[in-house]
file run-v3.txt (compact mmCIF, C-alpha atoms)
# COMPACT_ATOMS: atom_id res chain seq x y z
CA MET H 1416 28.99 13.05 -76.84
CA GLU H 1417 31.88 14.49 -74.99
CA ARG H 1418 34.22 16.50 -77.11
CA LYS H 1419 37.72 15.00 -76.98
CA ILE H 1420 40.68 17.23 -77.65
CA ARG H 1421 42.73 15.79 -80.51
CA VAL H 1422 46.48 16.31 -80.28
CA VAL H 1423 48.96 15.43 -83.00
CA MET H 1424 52.34 14.75 -81.36
CA ALA H 1425 55.59 14.45 -83.26
CA LYS H 1426 59.30 14.38 -82.83
CA LEU H 1427 60.45 17.20 -85.04
CA GLY H 1428 62.63 16.21 -87.96
CA LEU H 1429 65.32 13.69 -87.24
CA ASP H 1430 65.42 14.28 -83.49
CA ILE H 1431 66.04 10.94 -81.83
CA HIS H 1432 65.07 11.76 -78.21
CA TRP H 1433 61.87 9.91 -77.42
CA ARG H 1434 61.41 9.82 -73.65
CA GLY H 1435 59.91 13.27 -73.26
CA VAL H 1436 57.40 12.97 -76.05
CA TYR H 1437 56.32 9.51 -74.86
CA LEU H 1438 55.81 10.76 -71.35
CA VAL H 1439 53.83 13.84 -72.34
CA SER H 1440 51.72 11.80 -74.79
CA GLN H 1441 50.77 9.35 -72.09
CA PHE H 1442 49.88 12.08 -69.62
CA LEU H 1443 47.66 13.74 -72.23
CA LYS H 1444 45.99 10.40 -72.89
CA ASP H 1445 45.38 9.98 -69.17
CA ALA H 1446 43.89 13.47 -69.13
CA GLY H 1447 41.26 12.22 -71.59
CA MET H 1448 42.72 13.55 -74.83
CA GLU H 1449 43.11 11.65 -78.08
CA VAL H 1450 46.78 11.71 -78.93
CA ILE H 1451 47.82 10.85 -82.45
CA TYR H 1452 51.46 9.95 -82.14
CA LEU H 1453 53.44 10.31 -85.36
CA GLY H 1454 56.99 9.46 -84.37
CA ASN H 1455 59.64 11.33 -86.38
CA LYS H 1456 58.10 13.59 -88.97
CA PHE H 1457 58.96 16.71 -90.97
CA PRO H 1458 56.72 19.81 -91.04
CA GLU H 1459 54.98 18.82 -94.30
CA GLN H 1460 54.00 15.41 -92.90
CA ILE H 1461 52.95 16.89 -89.56
CA VAL H 1462 50.63 19.35 -91.27
CA GLU H 1463 49.22 16.59 -93.48
CA ALA H 1464 48.44 14.62 -90.31
CA ALA H 1465 46.87 17.67 -88.66
CA ILE H 1466 44.53 18.06 -91.65
CA GLU H 1467 43.46 14.43 -91.86
CA GLU H 1468 43.16 13.93 -88.12
CA ASP H 1469 41.28 17.21 -87.57
CA ALA H 1470 43.72 18.15 -84.83
CA ASP H 1471 43.04 20.88 -82.31
CA VAL H 1472 46.63 21.01 -81.20
CA VAL H 1473 50.03 20.06 -82.63
CA GLY H 1474 52.76 19.19 -80.11
CA LEU H 1475 56.36 19.25 -81.30
CA SER H 1476 59.18 17.70 -79.33
CA THR H 1477 62.64 18.95 -80.09
CA LEU H 1478 65.90 18.48 -78.24
CA GLY H 1479 68.25 18.61 -81.16
CA GLY H 1480 68.45 22.31 -81.98
CA ASN H 1481 66.11 22.44 -84.96
CA HIS H 1482 63.40 24.38 -83.12
CA LEU H 1483 64.03 27.77 -84.76
CA THR H 1484 63.91 26.46 -88.31
CA LEU H 1485 61.37 23.62 -88.32
CA GLY H 1486 59.04 24.86 -85.55
CA PRO H 1487 57.83 28.07 -87.23
CA LYS H 1488 57.65 26.21 -90.54
CA VAL H 1489 54.87 24.06 -89.11
CA VAL H 1490 52.93 27.21 -88.19
CA THR H 1491 53.42 28.70 -91.65
CA LEU H 1492 52.32 25.53 -93.44
CA LEU H 1493 49.26 25.18 -91.19
CA LYS H 1494 48.22 28.75 -92.08
CA GLU H 1495 48.80 28.06 -95.77
CA LYS H 1496 46.42 25.11 -95.59
CA GLY H 1497 43.78 27.15 -93.79
CA LEU H 1498 44.28 25.61 -90.36
CA ASP H 1499 44.63 28.88 -88.48
CA LYS H 1500 42.85 27.56 -85.41
CA VAL H 1501 45.33 24.77 -84.72
CA LYS H 1502 47.61 25.70 -81.82
CA VAL H 1503 51.24 24.66 -82.00
CA PHE H 1504 53.04 23.80 -78.75
CA MET H 1505 56.73 23.01 -78.46
CA GLY H 1506 58.63 21.18 -75.77
CA GLY H 1507 62.15 20.03 -75.14
CA VAL H 1508 65.52 21.65 -74.81
CA ILE H 1509 65.01 25.17 -76.07
CA PRO H 1510 67.13 28.09 -74.83
CA PRO H 1511 64.91 30.58 -72.95
CA LYS H 1512 66.11 33.43 -75.16
CA HIS H 1513 64.62 31.66 -78.19
CA ILE H 1514 61.15 31.42 -76.67
CA PRO H 1515 60.08 34.99 -77.55
CA LEU H 1516 61.35 34.44 -81.10
CA LEU H 1517 59.25 31.30 -81.46
CA LYS H 1518 56.16 32.96 -80.01
CA GLN H 1519 56.59 35.88 -82.40
CA GLN H 1520 56.43 33.38 -85.21
CA GLY H 1521 53.17 31.90 -84.04
CA ILE H 1522 54.17 29.12 -81.63
CA TYR H 1523 51.45 29.17 -78.98
CA GLU H 1524 53.51 28.00 -76.02
CA VAL H 1525 56.94 26.52 -75.26
CA TYR H 1526 57.59 24.16 -72.38
CA GLY H 1527 61.15 23.56 -71.20
CA PRO H 1528 62.51 20.75 -69.05
CA ASP H 1529 61.00 20.52 -65.55
CA THR H 1530 57.63 21.90 -66.64
CA PRO H 1531 55.02 20.25 -64.37
CA MET H 1532 52.70 18.00 -66.37
CA ASP H 1533 49.63 19.81 -64.99
CA VAL H 1534 50.84 23.02 -66.58
CA ILE H 1535 51.08 21.36 -70.00
CA ILE H 1536 47.67 19.69 -69.68
CA LYS H 1537 46.02 22.91 -68.55
CA GLY H 1538 47.80 24.94 -71.22
CA ILE H 1539 46.52 22.65 -73.96
CA SER H 1540 42.99 22.38 -72.56
CA ASP H 1541 42.68 26.14 -72.18
CA SER H 1542 43.98 26.82 -75.67
CA VAL H 1543 41.21 24.85 -77.33
CA THR H 1544 37.99 26.71 -77.82
CA VAL H 1545 35.29 24.12 -78.19
CA HIS H 1546 33.45 24.56 -81.44
CA MET J 117 22.90 24.12 -91.10
CA ALA J 118 24.39 26.20 -93.89
CA ASP J 119 27.81 25.27 -92.56
CA ILE J 120 26.96 21.60 -92.59
CA ASP J 121 25.60 21.79 -96.12
CA LYS J 122 28.79 23.48 -97.26
CA LEU J 123 30.89 20.82 -95.52
CA ILE J 124 28.90 18.07 -97.23
CA ARG J 125 29.23 19.74 -100.64
CA GLU J 126 32.99 20.10 -100.27
CA THR J 127 33.32 16.57 -98.93
CA LEU J 128 31.62 15.21 -102.03
CA LYS J 129 34.14 17.15 -104.10
CA GLY J 130 36.93 15.42 -102.16
CA ASP J 131 38.21 18.39 -100.16
CA LYS J 132 40.45 16.96 -97.42
CA LEU J 133 39.71 19.58 -94.79
CA ALA J 134 35.98 19.16 -95.25
CA VAL J 135 36.21 15.35 -95.11
CA SER J 136 38.23 15.58 -91.93
CA ARG J 137 35.80 18.01 -90.29
CA LEU J 138 32.78 15.99 -91.31
CA ILE J 139 34.23 12.81 -89.81
CA SER J 140 34.78 14.70 -86.54
CA VAL J 141 31.24 16.07 -86.55
CA VAL J 142 29.82 12.58 -86.97
CA GLU J 143 32.28 11.09 -84.48
CA ARG J 144 31.19 13.58 -81.83
CA GLY J 145 27.55 12.72 -82.31
CA HIS J 146 26.57 16.26 -83.33
CA ALA J 147 22.82 16.84 -83.58
CA GLN J 148 23.17 17.11 -87.38
CA THR J 149 24.62 13.60 -87.70
CA PRO J 150 21.44 11.93 -89.04
CA TYR J 151 21.10 14.70 -91.62
CA ILE J 152 24.73 14.28 -92.71
CA LEU J 153 24.44 10.51 -93.03
CA GLU J 154 21.23 10.90 -95.02
CA LYS J 155 23.01 13.19 -97.49
CA ILE J 156 26.19 11.11 -97.66
CA TYR J 157 24.68 7.66 -98.03
CA PRO J 158 23.45 7.96 -101.64
CA HIS J 159 27.00 8.86 -102.71
CA SER J 160 28.65 5.89 -100.98
CA GLY J 161 28.96 2.29 -102.10
CA ASN J 162 31.41 2.82 -104.94
CA ALA J 163 34.59 1.98 -103.07
CA TYR J 164 36.04 -1.46 -102.39
CA TYR J 165 36.47 -2.14 -98.65
CA ILE J 166 39.46 -4.05 -97.31
CA GLY J 167 39.63 -4.99 -93.63
CA VAL J 168 42.86 -5.77 -91.81
CA THR J 169 42.67 -7.42 -88.42
CA GLY J 170 44.78 -9.52 -86.06
CA PRO J 171 46.30 -9.60 -82.59
CA PRO J 172 48.23 -6.61 -81.16
CA GLY J 173 51.72 -6.33 -82.57
CA SER J 174 51.12 -8.73 -85.44
CA GLY J 175 52.04 -6.07 -87.99
CA LYS J 176 48.68 -4.69 -89.06
CA SER J 177 49.84 -1.09 -89.38
CA THR J 178 53.01 -2.00 -91.21
CA THR J 179 51.09 -4.22 -93.61
CA VAL J 180 48.52 -1.48 -94.19
CA ASP J 181 51.32 0.98 -94.91
CA ARG J 182 52.81 -1.36 -97.53
CA LEU J 183 49.43 -2.11 -99.06
CA VAL J 184 48.54 1.56 -99.29
CA LYS J 185 51.84 2.22 -101.05
CA MET J 186 51.07 -0.47 -103.61
CA LEU J 187 47.53 0.75 -104.12
CA CYS J 188 48.72 4.32 -104.56
CA SER J 189 51.46 3.37 -106.99
CA ASN J 190 48.76 1.65 -109.01
CA ASN J 191 46.88 4.97 -109.14
CA TYR J 192 44.09 4.13 -106.76
CA SER J 193 42.83 6.77 -104.38
CA VAL J 194 42.80 5.31 -100.89
CA GLY J 195 41.11 6.11 -97.60
CA VAL J 196 42.43 4.48 -94.43
CA ILE J 197 40.72 4.29 -91.05
CA ALA J 198 42.87 2.89 -88.27
CA VAL J 199 41.29 2.12 -84.93
CA ASP J 200 43.27 1.98 -81.70
CA PRO J 201 42.06 1.28 -78.17
CA CYS J 202 40.75 3.86 -75.77
CA SER J 203 41.50 4.16 -72.07
CA PRO J 204 38.54 2.85 -70.07
CA PHE J 205 39.45 5.22 -67.24
CA SER J 206 40.17 8.59 -68.81
CA GLY J 207 38.44 8.10 -72.17
CA GLY J 208 41.66 9.31 -73.76
CA ALA J 209 43.64 7.38 -76.33
CA LEU J 210 47.08 7.11 -77.81
CA LEU J 211 46.64 6.48 -81.51
CA GLY J 212 49.90 5.22 -82.95
CA ASP J 213 49.02 3.68 -86.30
CA ARG J 214 50.34 6.67 -88.18
CA ILE J 215 53.93 6.02 -87.09
CA ARG J 216 54.18 3.34 -89.75
CA MET J 217 52.95 5.63 -92.49
CA ASN J 218 56.16 6.75 -94.02
CA LYS J 219 57.54 8.15 -97.24
CA ARG J 220 54.35 9.34 -98.80
CA LYS J 221 54.66 10.76 -102.26
CA SER J 222 52.90 14.02 -102.90
CA GLU J 223 51.08 12.72 -105.98
CA TRP J 224 49.47 9.89 -104.00
CA ASP J 225 45.83 10.37 -103.19
CA VAL J 226 45.49 9.02 -99.68
CA PHE J 227 43.58 10.07 -96.59
CA PHE J 228 44.53 8.47 -93.28
CA ARG J 229 42.39 8.85 -90.19
CA SER J 230 43.05 7.46 -86.69
CA MET J 231 40.10 6.65 -84.47
CA SER J 232 39.72 5.73 -80.85
CA ALA J 233 37.64 2.60 -80.29
CA GLY J 234 35.78 4.21 -77.40
CA LYS J 235 33.75 1.80 -75.33
CA ILE J 236 32.85 -0.44 -78.27
CA MET J 237 34.13 -4.00 -78.01
CA GLY J 238 33.92 -5.33 -81.55
CA GLY J 239 37.29 -4.13 -82.83
CA LEU J 240 35.97 -1.02 -84.56
CA ALA J 241 34.88 2.38 -83.27
CA ARG J 242 31.25 3.47 -82.98
CA THR J 243 31.47 5.59 -86.10
CA THR J 244 33.98 3.65 -88.21
CA LYS J 245 31.29 2.61 -90.65
CA GLU J 246 29.92 6.13 -90.98
CA SER J 247 33.40 7.55 -91.44
CA SER J 248 34.25 4.99 -94.09
CA ARG J 249 31.08 5.99 -95.94
CA ILE J 250 32.18 9.61 -95.81
CA LEU J 251 35.56 8.65 -97.33
CA ASP J 252 33.74 6.54 -99.90
CA ALA J 253 31.44 9.43 -100.83
CA SER J 254 34.43 11.77 -101.07
CA GLY J 255 35.62 9.72 -104.02
CA LYS J 256 38.09 7.25 -102.54
CA GLN J 257 38.20 4.06 -104.60
CA ILE J 258 39.61 1.81 -101.90
CA ILE J 259 38.87 1.99 -98.19
CA VAL J 260 41.22 0.15 -95.85
CA ILE J 261 40.00 -0.37 -92.29
CA GLU J 262 42.47 -1.49 -89.64
CA THR J 263 40.97 -2.80 -86.40
CA VAL J 264 42.35 -2.51 -82.89
CA GLY J 265 44.55 -5.44 -81.94
CA VAL J 266 41.99 -8.19 -81.50
CA GLY J 267 41.73 -11.43 -79.58
CA GLN J 268 39.41 -14.14 -80.72
CA SER J 269 35.97 -12.63 -80.95
CA GLU J 270 36.13 -9.08 -82.24
CA LEU J 271 34.47 -9.72 -85.54
CA ASP J 272 32.81 -6.44 -86.51
CA ILE J 273 35.28 -5.99 -89.34
CA ALA J 274 33.56 -8.79 -91.27
CA GLN J 275 30.38 -6.71 -91.16
CA ALA J 276 32.09 -3.64 -92.55
CA THR J 277 34.37 -4.81 -95.35
CA ASP J 278 34.43 -6.86 -98.56
CA THR J 279 37.76 -8.64 -98.06
CA VAL J 280 39.00 -9.47 -94.57
CA VAL J 281 42.72 -10.05 -94.10
CA VAL J 282 43.57 -11.79 -90.82
CA ILE J 283 47.19 -11.31 -89.80
CA LEU J 284 48.84 -13.79 -87.46
CA THR J 285 52.44 -14.31 -86.44
CA PRO J 286 54.55 -17.41 -85.79
CA GLU J 287 53.85 -16.77 -82.10
CA SER J 288 50.08 -16.81 -82.59
CA GLY J 289 49.63 -20.13 -80.89
CA ASP J 290 49.46 -23.83 -81.47
CA ASN J 291 46.98 -26.08 -83.18
CA VAL J 292 44.48 -25.83 -80.36
CA GLN J 293 44.07 -22.09 -80.89
CA LEU J 294 43.34 -22.77 -84.52
CA MET J 295 40.62 -25.25 -83.65
CA LYS J 296 38.72 -22.56 -81.80
CA ALA J 297 35.95 -20.59 -83.42
CA GLY J 298 35.94 -16.87 -84.00
CA LEU J 299 38.53 -14.72 -85.70
CA LEU J 300 39.72 -17.48 -88.00
CA GLU J 301 36.26 -17.98 -89.44
CA ILE J 302 35.96 -14.48 -90.84
CA ALA J 303 39.22 -14.51 -92.80
CA ASP J 304 39.11 -14.24 -96.57
CA ILE J 305 42.89 -14.19 -96.63
CA PHE J 306 45.30 -15.41 -93.97
CA VAL J 307 48.65 -13.75 -93.53
CA VAL J 308 51.39 -15.18 -91.35
CA ASN J 309 53.50 -12.09 -90.86
CA LYS J 310 57.05 -11.96 -89.46
CA ALA J 311 57.63 -15.10 -91.49
CA ASP J 312 61.36 -14.61 -91.18
CA ARG J 313 61.00 -15.91 -87.61
CA PRO J 314 60.96 -19.60 -86.75
CA GLY J 315 57.56 -21.29 -86.64
CA ALA J 316 55.95 -19.53 -89.59
CA GLU J 317 55.77 -22.69 -91.68
CA ASN J 318 54.22 -24.56 -88.77
CA ILE J 319 51.42 -22.12 -88.22
CA SER J 320 50.71 -21.83 -91.91
CA MET J 321 50.48 -25.63 -92.13
CA SER J 322 48.12 -25.70 -89.17
CA ILE J 323 45.86 -23.17 -90.86
CA GLU J 324 45.92 -25.17 -94.09
CA ALA J 325 45.01 -28.28 -92.11
CA MET J 326 42.13 -26.44 -90.50
CA LEU J 327 40.95 -25.37 -93.94
CA ASP J 328 41.33 -28.94 -95.21
CA ARG J 329 38.86 -30.10 -92.59
CA GLN J 330 36.27 -27.76 -94.07
CA ARG J 331 36.91 -28.88 -97.62
CA GLY J 332 33.73 -28.94 -99.60
CA LYS J 333 32.03 -26.51 -97.26
CA LEU J 334 34.06 -23.54 -98.40
CA GLU J 335 33.26 -21.96 -101.70
CA TRP J 336 36.21 -19.62 -101.29
CA ARG J 337 39.19 -21.26 -99.68
CA PRO J 338 41.20 -18.51 -97.98
CA PRO J 339 44.82 -18.52 -99.16
CA VAL J 340 47.53 -18.61 -96.48
CA LEU J 341 50.39 -16.24 -97.21
CA LEU J 342 53.76 -15.75 -95.60
CA THR J 343 54.92 -12.15 -95.32
CA SER J 344 57.53 -10.03 -93.61
CA ALA J 345 55.83 -6.69 -93.89
CA SER J 346 58.63 -4.63 -92.39
CA LEU J 347 61.03 -6.07 -94.97
CA GLY J 348 58.45 -5.63 -97.72
CA LYS J 349 58.34 -9.37 -98.43
CA GLY J 350 55.17 -11.07 -99.58
CA ILE J 351 53.19 -7.87 -99.98
CA GLU J 352 52.85 -8.27 -103.74
CA GLU J 353 51.30 -11.70 -103.24
CA LEU J 354 48.92 -10.26 -100.66
CA TYR J 355 47.96 -7.49 -103.05
CA ALA J 356 47.29 -10.02 -105.81
CA GLU J 357 45.22 -12.24 -103.52
CA ILE J 358 43.07 -9.31 -102.40
CA TRP J 359 42.19 -8.62 -106.04
CA ARG J 360 41.63 -12.30 -106.69
CA HIS J 361 39.11 -12.30 -103.85
CA ALA J 362 37.53 -9.12 -105.18
CA ASP J 363 37.17 -10.74 -108.61
CA TYR J 364 35.64 -13.80 -107.00
CA LEU J 365 33.08 -11.63 -105.18
CA ARG J 366 32.22 -9.78 -108.34
CA GLN J 367 31.04 -12.98 -110.02
CA ASP J 368 27.37 -13.87 -109.75
CA ASP J 369 26.39 -10.96 -107.52
CA LYS J 370 28.34 -12.33 -104.57
CA LEU J 371 29.52 -8.87 -103.61
CA LYS J 372 25.96 -7.62 -103.68
CA GLU J 373 24.84 -10.53 -101.50
CA ARG J 374 27.63 -9.93 -99.00
CA ARG J 375 26.89 -6.23 -98.73
CA LYS J 376 23.17 -6.82 -98.46
CA SER J 377 23.66 -9.24 -95.61
CA GLN J 378 25.91 -6.65 -93.92
CA LEU J 379 23.21 -4.03 -94.39
CA LYS J 380 20.68 -6.38 -92.89
CA GLY J 381 22.89 -6.78 -89.82
CA GLU J 382 23.38 -3.04 -89.62
CA LEU J 383 19.67 -2.35 -89.94
CA LYS J 384 18.91 -4.86 -87.21
CA GLN J 385 21.48 -3.23 -84.95
CA ARG J 386 20.10 0.22 -85.60
CA ILE J 387 16.51 -0.89 -85.02
CA GLU J 388 17.63 -2.39 -81.73
CA SER J 389 19.34 0.77 -80.61
CA GLU J 390 16.35 2.87 -81.72
CA ILE J 391 14.06 0.64 -79.69
CA VAL J 392 16.33 0.82 -76.68
CA ASN J 393 16.62 4.59 -76.85
CA THR J 394 12.92 5.18 -77.40
CA LEU J 395 11.87 2.75 -74.71
CA TRP J 396 14.37 4.04 -72.20
CA GLN J 397 13.13 7.55 -72.65
CA LYS J 398 9.60 6.40 -71.89
CA ILE J 399 10.66 4.15 -69.03
CA ARG J 400 12.65 6.94 -67.46
CA ASP J 401 9.55 9.10 -67.65
CA ASP J 402 7.05 6.71 -66.08
CA ALA J 403 8.77 3.99 -64.05
CA ASP J 404 10.38 4.64 -60.71
CA ILE J 405 13.59 2.69 -61.12
CA ASP J 406 14.87 3.38 -57.60
CA GLU J 407 11.65 2.09 -56.08
CA LEU J 408 11.92 -1.08 -58.16
CA VAL J 409 15.52 -1.56 -57.04
CA ASN J 410 14.28 -1.36 -53.45
CA ASP J 411 11.63 -3.97 -54.15
CA ILE J 412 14.25 -6.24 -55.68
CA TRP J 413 16.57 -5.65 -52.74
CA GLU J 414 13.80 -6.59 -50.34
CA GLN J 415 13.16 -9.67 -52.46
CA LYS J 416 9.56 -8.71 -53.21
CA ILE J 417 10.29 -9.33 -56.86
CA ASP J 418 13.21 -10.75 -58.88
CA PRO J 419 15.18 -8.64 -61.39
CA GLN J 420 13.95 -10.54 -64.46
CA SER J 421 10.27 -10.18 -63.57
CA ALA J 422 10.72 -6.52 -62.65
CA ALA J 423 12.27 -5.81 -66.04
CA GLY J 424 9.49 -7.64 -67.82
CA LYS J 425 6.86 -5.71 -65.86
CA VAL J 426 8.41 -2.35 -66.69
CA VAL J 427 8.71 -3.07 -70.41
CA ARG J 428 5.23 -4.53 -70.74
CA ARG J 429 3.67 -1.58 -68.93
CA CYS J 430 5.59 0.80 -71.15
CA LEU J 431 4.49 -0.94 -74.36
CA LYS J 432 0.83 -1.01 -73.30
CA ASP J 433 0.34 2.74 -73.32

call {"tool": "encode", "arguments": {"input": "run-v3.txt", "output": "structure tokens"}}
result
Amino acid sequence: MERKIRVVMAKLGLDIHWRGVYLVSQFLKDAGMEVIYLGNKFPEQIVEAAIEEDADVVGLSTLGGNHLTLGPKVVTLLKEKGLDKVKVFMGGVIPPKHIPLLKQQGIYEVYGPDTPMDVIIKGISDSVTVH
Amino acid sequence: MADIDKLIRETLKGDKLAVSRLISVVERGHAQTPYILEKIYPHSGNAYYIGVTGPPGSGKSTTVDRLVKMLCSNNYSVGVIAVDPCSPFSGGALLGDRIRMNKRKSEWDVFFRSMSAGKIMGGLARTTKESSRILDASGKQIIVIETVGVGQSELDIAQATDTVVVILTPESGDNVQLMKAGLLEIADIFVVNKADRPGAENISMSIEAMLDRQRGKLEWRPPVLLTSASLGKGIEELYAEIWRHADYLRQDDKLKERRKSQLKGELKQRIESEIVNTLWQKIRDDADIDELVNDIWEQKIDPQSAAGKVVRRCLKD
């Protein structure tokens, strides 16, 4: 059996913007991944989903300015639950100067507006070590 | 092997991470799968299995969410498997059943897993049954299985669960649809969801009329319920009817009979796939398929006879 990459995608917190996360989710699906789309969820619920769905990757969409608080919280909670191998990606409207801060706190990669879809797909595929 | 044994041990203790991993291992068809299933099977069979099926957009996920809430508030531990379709082109999938799972309380004991249906056409995924057994063995008391949105003939759910809830909507069609065979025959409980919309009474009357025609033949007459799952209406009645059906099955060994007949079907299926796999391996080794295709193309032999020849030759040695 072919090993499908499982991606949990969520809109972070109460962020209402949906177009980006829909678009990325569909491109990931078309790239052969299994995307578990959660809609709006808070870090605790996202981590719960990552556990139960055996996710390889968590994708967080944020355009509302909560990236610095809620993003790293997902990483922390994942570690607490023993899911160190799960990579957390973020996308949306995130000021470039915040990207190093997020990466310092364990976010694997951040994709801003205008990122070509191929870059996102390749970034996710490459991040997953098949075990 | 040691890893797998550890995973199995922790799964049986109910550890969520282990359960989740083990389901993935089985789903991916890892070489250890038969070993895992052998170890898990003796610990399964304690849970009650509820199936939820119906056309796309009829409210399956929302109903499941409400049901799970009720089950959890009544102190049951619940495992949910929700199946969504898979892209026939990329093999990828967008699994969206979790969107409806909201407001979970931390004290609730629930495990929710989304699955892609893969290339299987019966409404469930290839390993839904195996995964539900893993959840069962991990100590869940109730297993809820939600199918992909189905049409008229995806009936695998009836082979995998004790109580089948078929969800329709006021838009589900006219009397003619209800006269057709298939989905409607596997229902233990009918739900007309979105009953706040016009037409709900009509469709529920049509179902009742259909059931009237079978009067005398049905030992269990499926109740027809009106719900509005998103508004939380009618869910308590549904919950009560599920338990009424469970009580009915528990009389006179009916549950045992139902499960045994499911096991018989499963065994038959597995024997068939064993035969196919074993034979194919042998056929691939001795028969020259390409040469046969040429013979068929040149009309020296017809496809049916060629197939018969290959299989008979294979069985002789």

call {"tool": "atom_distance", "arguments": {"input": "run-v3.txt", "atom1": "CA of Val1439 (chain H)", "atom2": "CA of Lys1488 (chain H)"}}
result
22.3 Å

call {"tool": "closest_atom_pairs", "arguments": {"input": "run-v3.txt", "of": "chain H", "to": "chain J", "cutoff": "7 Å", "atoms": "all atoms listed in the file", "output": "JSON lines"}}
result
{"residue": "H:Met1416", "atom": "CA", "partner": "J:Arg144", "partner_atom": "CA", "distance": 5.5}
{"residue": "H:Glu1417", "atom": "CA", "partner": "J:Arg144", "partner_atom": "CA", "distance": 6.9}
{"residue": "H:Arg1418", "atom": "CA", "partner": "J:Arg144", "partner_atom": "CA", "distance": 6.3}
{"residue": "H:Lys1444", "atom": "CA", "partner": "J:Gly208", "partner_atom": "CA", "distance": 4.5}
{"residue": "H:Asp1445", "atom": "CA", "partner": "J:Ser206", "partner_atom": "CA", "distance": 5.4}
{"residue": "H:Ala1446", "atom": "CA", "partner": "J:Ser206", "partner_atom": "CA", "distance": 6.1}
{"residue": "H:Gly1447", "atom": "CA", "partner": "J:Gly208", "partner_atom": "CA", "distance": 3.7}
{"residue": "H:Met1448", "atom": "CA", "partner": "J:Gly208", "partner_atom": "CA", "distance": 4.5}
{"residue": "H:Glu1449", "atom": "CA", "partner": "J:Ala209", "partner_atom": "CA", "distance": 4.6}
{"residue": "H:Val1450", "atom": "CA", "partner": "J:Leu210", "partner_atom": "CA", "distance": 4.7}
{"residue": "H:Ile1451", "atom": "CA", "partner": "J:Leu211", "partner_atom": "CA", "distance": 4.6}
{"residue": "H:Tyr1452", "atom": "CA", "partner": "J:Gly212", "partner_atom": "CA", "distance": 5.0}
{"residue": "H:Leu1453", "atom": "CA", "partner": "J:Ile215", "partner_atom": "CA", "distance": 4.7}
{"residue": "H:Gly1454", "atom": "CA", "partner": "J:Ile215", "partner_atom": "CA", "distance": 5.3}
{"residue": "H:Ile1466", "atom": "CA", "partner": "J:Leu133", "partner_atom": "CA", "distance": 5.9}
{"residue": "H:Glu1467", "atom": "CA", "partner": "J:Ser136", "partner_atom": "CA", "distance": 5.4}
{"residue": "H:Glu1468", "atom": "CA", "partner": "J:Arg229", "partner_atom": "CA", "distance": 5.5}
{"residue": "H:Asp1469", "atom": "CA", "partner": "J:Ser136", "partner_atom": "CA", "distance": 5.6}

call {"tool": "atom_distance", "arguments": {"input": "run-v3.txt", "atom1": "CA of Ile166 (chain J)", "atom2": "CA of Ser322 (chain J)"}}
result
24.7 Å

call {"tool": "residues_around", "arguments": {"input": "run-v3.txt", "residues": "Ile302 (chain J)", "least_positions_apart": "2", "cutoff": "9 Å", "atoms": "all atoms listed in the file", "output": "PyMOL selection string"}}
result
chain J and resi 271+273-274+280-282+298-300+304

call {"tool": "residues_near_point", "arguments": {"input": "run-v3.txt", "point": "(65.9, 17.6, -75.2)", "cutoff": "8 Å", "atoms": "all atoms listed in the file", "output": "ChimeraX atom specification"}}
result
/H:1432,1435,1476-1479,1507-1509,1528

call {"tool": "closest_residue", "arguments": {"input": "run-v3.txt", "among": "H:Val1525, H:Leu1516, H:Val1534, H:Ala1464", "to": "Val1503 (chain H)", "atoms": "only C-alpha atoms"}}
result
H:Val1525

call {"tool": "atom_distance", "arguments": {"input": "run-v3.txt", "atom1": "CA of Ser160 (chain J)", "atom2": "CA of Ile250 (chain J)"}}
result
7.3 Å

call {"tool": "decode", "arguments": {"input": "run-v3.txt", "residues": "region 1447-1452 of chain H", "atoms": "N, CA, C and O atoms", "output": "PDB file, in the first residue's frame"}}
result
ATOM      1  N   GLY H1447      -2.504  14.073  -3.848  1.00  0.00           N
ATOM      2  CA  GLY H1447      -2.538  12.703  -3.327  1.00  0.00           C
ATOM      3  C   GLY H1447      -2.465  12.604  -1.814  1.00  0.00           C
ATOM      4  O   GLY H1447      -2.259  11.525  -1.277  1.00  0.00           O
ATOM      5  N   MET H1448      -2.635  13.715  -1.115  1.00  0.00           N
ATOM      6  CA  MET H1448      -2.592  13.637   0.352  1.00  0.00           C
ATOM      7  C   MET H1448      -4.000  13.461   0.914  1.00  0.00           C
ATOM      8  O   MET H1448      -4.986  13.770   0.263  1.00  0.00           O
ATOM      9  N   GLU H1449      -4.062  12.960   2.143  1.00  0.00           N
ATOM     10  CA  GLU H1449      -5.345  12.885   2.836  1.00  0.00           C
ATOM     11  C   GLU H1449      -5.436  14.088   3.767  1.00  0.00           C
ATOM     12  O   GLU H1449      -4.670  14.200   4.722  1.00  0.00           O
ATOM     13  N   VAL H1450      -6.357  14.972   3.443  1.00  0.00           N
ATOM     14  CA  VAL H1450      -6.487  16.205   4.205  1.00  0.00           C
ATOM     15  C   VAL H1450      -7.675  16.086   5.148  1.00  0.00           C
ATOM     16  O   VAL H1450      -8.794  15.821   4.707  1.00  0.00           O
ATOM     17  N   ILE H1451      -7.439  16.232   6.424  1.00  0.00           N
ATOM     18  CA  ILE H1451      -8.530  16.227   7.378  1.00  0.00           C
ATOM     19  C   ILE H1451      -8.815  17.679   7.713  1.00  0.00           C
ATOM     20  O   ILE H1451      -8.024  18.346   8.374  1.00  0.00           O
ATOM     21  N   TYR H1452      -9.935  18.175   7.197  1.00  0.00           N
ATOM     22  CA  TYR H1452     -10.235  19.590   7.348  1.00  0.00           C
ATOM     23  C   TYR H1452     -11.094  19.812   8.583  1.00  0.00           C
ATOM     24  O   TYR H1452     -12.158  19.205   8.734  1.00  0.00           O
TER      25      TYR H1452
END
